[in-house]
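Undergrad: Have a look at the structure that comes next, please.
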Amino acid sequence: MSTAAATTPQHLVLTLSCPDRPGIVHAVTGALARRGGNITESNQFGDSETGLFFMRVSVLTKVPRTELEADLAELATSYDMSWSLDEADRPMRTLLMVSKEGHCLSDLLFRASNQGLPIQVVGVVGNHEDLRPVAEFYGATFHHVPVTKDTKEAAEQQLLELVDALGVELVVLARYMQILSPALCERLRGSVINIHHSFLPSFKGAKPYHQAHERGVKLIGATAHYVTADLDEGPIIEQDVTRATHADSALQLQRKGQDVERRVLAQAVKWHAEHRVLLNGQRTVVFA
């Protein structure tokens, strides 16, 4: 076994899932310890319904990452394990997609620039030009990719070319009012996050807050989830609600809803970028 050491400690995060059985935690932590790894955070969850085990471990080590990866690959074979080893402190290369509503875009750009949201915004894609000034104010390159019924396939191909060219790891639909094709959803599976109000399946279509106002709703919520071919039914990452009263107008309800959308989307993006979200079929495991 090589004992070659990196010149400075690396902060790495290991995430994994595998069929649940005795000894997994001992095997994983033992493998890290044998390489001189100092575990700074560890979370695990065994799902009794699916029989799957999930784990997230943060570790400081001077051992080259390639050597840890070799050890983990050997361990994965024994435990039928899916795993990933990432740099914990590296901002995730992120592409934001928008239409005309700017509240989520502005919030994410502000948090990334001033509040330590661990993403590097490598570009903003808009199917309209409306939010170009917002992107450029924060120094983000804006790409106008118009979408019509006749150009949808070409637009999605242009998007994929941007994803490849920019080394995109995460795509965020920050109120991007377009439906992605099943093929694109599959191509980017587990790396596209969407945000929408939580009225669904009620109040579908245009002006959901006006519909909610007419029905006198008392709770307004938002849902952030991974995008799948099943519209608005992907694995949920985060949700939240805020109170509404009889005195709220439709516009006030909409503003409250937009505030919840901002918070929920930012939290979901943060957890994903910190490698805290693991897919569990149609659900997620979130080590918050």
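In the structure tokens, chains take the letters A, B, ... in the order shown, each chain's residues start at 1, and ligands count up from 1 in the order shown.
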Give me the stretch 88-188 of chain A side of the contact with stretch 234-258 of chain A, cut-off 10 Å, one line per residue showing its nearest atom pair and distance in Å at one decimal, counting only C-alpha atoms, sorted by chain and residue number, as a tab-separated table.

TA:
```
residue	atom	partner	partner_atom	distance
A:Glu101	CA	A:Gln258	CA	9.6
A:Gly102	CA	A:Gln258	CA	9.8
A:His103	CA	A:Gln258	CA	6.9
A:Cys104	CA	A:Gln258	CA	7.9
```

Undergrad: Can you pull out every residue from stretch 53-192 of chain A that DSSP, working from the backbone, puts in helix (DSSP H, G or I), and format the result as a PyMOL selection string?

TA: chain A and resi 65-79+103-114+132-137+152-165+182-187

Undergrad: Mind the document's chain letters and residue numbers, and return as a PyMOL selection string the residues of stretch 34-251 of chain A that DSSP labels strand (DSSP E).

TA: chain A and resi 38-47+52-61+82-87+92-98+119-126+142-144+170-173+192-197+219-226+236-243

Undergrad: Using only C-alpha atoms for the distances, tell me which of A:Ala154, A:Leu159, A:Val260, A:Val63 is nearest to A:Val125.

TA: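 Of all the options, A:Leu159 lies closest to A:Val125.
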
Undergrad: Could I get the residues of stretch 177-266 of chain A with an atom no further than 12 Å from an atom of stretch 141-147 of chain A, each paired with its nearest atom pair and that distance in Å to one decimal, using only C-alpha atoms, sorted by chain and residue number, as CSV?

TA:
```
residue,atom,partner,partner_atom,distance
A:Met177,CA,A:Val147,CA,10.4
A:Gln178,CA,A:Val147,CA,8.2
A:Ile179,CA,A:Val147,CA,10.4
A:Leu180,CA,A:Val147,CA,10.9
```

Undergrad: Restricted to all heavy atoms, what would the selected residues look like written as a short mmCIF file (atom, residue, chain, number, x, y, z; two decimals), in the first residue's frame?

TA:
```cif
data_model
loop_
_atom_site.label_atom_id
_atom_site.label_comp_id
_atom_site.auth_asym_id
_atom_site.auth_seq_id
_atom_site.Cartn_x
_atom_site.Cartn_y
_atom_site.Cartn_z
N MET A 177 -40.05 28.50 -17.46
CA MET A 177 -41.42 28.08 -17.76
C MET A 177 -41.51 27.27 -19.04
O MET A 177 -42.30 27.57 -19.94
CB MET A 177 -42.33 29.31 -17.81
CG MET A 177 -42.22 30.21 -16.58
SD MET A 177 -42.50 29.33 -15.03
CE MET A 177 -44.26 29.02 -15.16
N GLN A 178 -40.66 26.24 -19.12
CA GLN A 178 -40.70 25.33 -20.26
C GLN A 178 -40.61 23.90 -19.74
O GLN A 178 -39.96 23.63 -18.72
CB GLN A 178 -39.53 25.59 -21.21
CG GLN A 178 -39.59 26.93 -21.94
CD GLN A 178 -40.69 26.95 -22.98
OE1 GLN A 178 -40.97 25.95 -23.64
NE2 GLN A 178 -41.32 28.12 -23.15
N ILE A 179 -41.25 22.97 -20.44
CA ILE A 179 -41.19 21.56 -20.08
C ILE A 179 -40.04 20.90 -20.83
O ILE A 179 -39.94 21.01 -22.06
CB ILE A 179 -42.52 20.85 -20.43
CG1 ILE A 179 -43.67 21.48 -19.62
CG2 ILE A 179 -42.42 19.36 -20.15
CD1 ILE A 179 -45.05 20.96 -20.02
N LEU A 180 -39.15 20.25 -20.10
CA LEU A 180 -38.04 19.55 -20.73
C LEU A 180 -38.51 18.22 -21.30
O LEU A 180 -39.36 17.54 -20.72
CB LEU A 180 -36.92 19.32 -19.71
CG LEU A 180 -36.36 20.56 -19.01
CD1 LEU A 180 -35.17 20.17 -18.14
CD2 LEU A 180 -35.98 21.65 -20.00
#
```

Undergrad: In terms of the shortest atom-to-atom distance over only C-alpha atoms, which of A:Leu60, A:Leu75, A:Ile39, A:Met97 is closest to A:Leu16?

TA: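 Closest residue, counting only C-alpha atoms: A:Leu75.
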
Undergrad: Tell me, as an MDAnalysis selection string, which residues lie within 8 Å of A:Leu108, counting only C-alpha atoms; anything in the same chain fewer than 4 positions away does not count.

TA: chainID A and resid 104 112 117 262 266

Undergrad: For the residues selected in the previous step, produce a file with N, CA and C atoms as an mmCIF file, in the first residue's frame.

TA:
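Printed below is result-v8.cif as written:
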```cif
data_model
loop_
_atom_site.group_PDB
_atom_site.id
_atom_site.type_symbol
_atom_site.label_atom_id
_atom_site.label_comp_id
_atom_site.auth_asym_id
_atom_site.auth_seq_id
_atom_site.Cartn_x
_atom_site.Cartn_y
_atom_site.Cartn_z
ATOM 1 N N CYS A 104 -36.167 34.182 -8.288
ATOM 2 C CA CYS A 104 -35.264 33.074 -7.953
ATOM 3 C C CYS A 104 -33.869 33.320 -8.517
ATOM 4 N N ALA A 112 -24.870 33.314 -4.171
ATOM 5 C CA ALA A 112 -23.603 32.792 -4.673
ATOM 6 C C ALA A 112 -22.496 33.835 -4.573
ATOM 7 N N LEU A 117 -23.224 30.592 -0.946
ATOM 8 C CA LEU A 117 -23.888 29.453 -1.587
ATOM 9 C C LEU A 117 -22.847 28.739 -2.446
ATOM 10 N N ARG A 262 -38.051 31.290 -3.307
ATOM 11 C CA ARG A 262 -36.635 31.669 -3.207
ATOM 12 C C ARG A 262 -35.929 30.852 -2.134
ATOM 13 N N ALA A 266 -33.117 27.871 -2.894
ATOM 14 C CA ALA A 266 -31.751 28.089 -2.421
ATOM 15 C C ALA A 266 -31.309 26.970 -1.481
#
```

Undergrad: Between atom CA of A:Val264 and atom CA of A:Gly216, what distance in Å does the model show, to one decimal?

TA: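 Value for the atom CA of A:Val264-atom CA of A:Gly216 distance: 23.0 Å.
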
Undergrad: Set the distance at 6 Å and use only C-alpha atoms: which residues neighbour A:Val168 once local chain neighbours fewer than 2 positions away are removed? I'd like the list as an mmCIF file with C-alpha atoms, in the first residue's frame.

TA:
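The file below, out_29.cif, is the result:
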```
data_model
loop_
_atom_site.group_PDB
_atom_site.id
_atom_site.type_symbol
_atom_site.label_atom_id
_atom_site.label_comp_id
_atom_site.auth_asym_id
_atom_site.auth_seq_id
_atom_site.Cartn_x
_atom_site.Cartn_y
_atom_site.Cartn_z
ATOM 1 C CA ARG A 93 -20.454 24.411 -11.673
ATOM 2 C CA THR A 94 -24.063 25.496 -12.161
ATOM 3 C CA VAL A 163 -23.662 21.841 -20.533
ATOM 4 C CA LEU A 166 -19.062 24.715 -19.662
ATOM 5 C CA LEU A 170 -25.991 21.171 -11.940
#
```

Undergrad: Check the smallest atom-to-atom distance from each of A:Glu41, A:Glu233, A:Glu49, A:Asp80 to A:Pro19 using only C-alpha atoms, then report the winner.

TA: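 Checking each candidate against A:Pro19, we get A:Asp80 as the closest.
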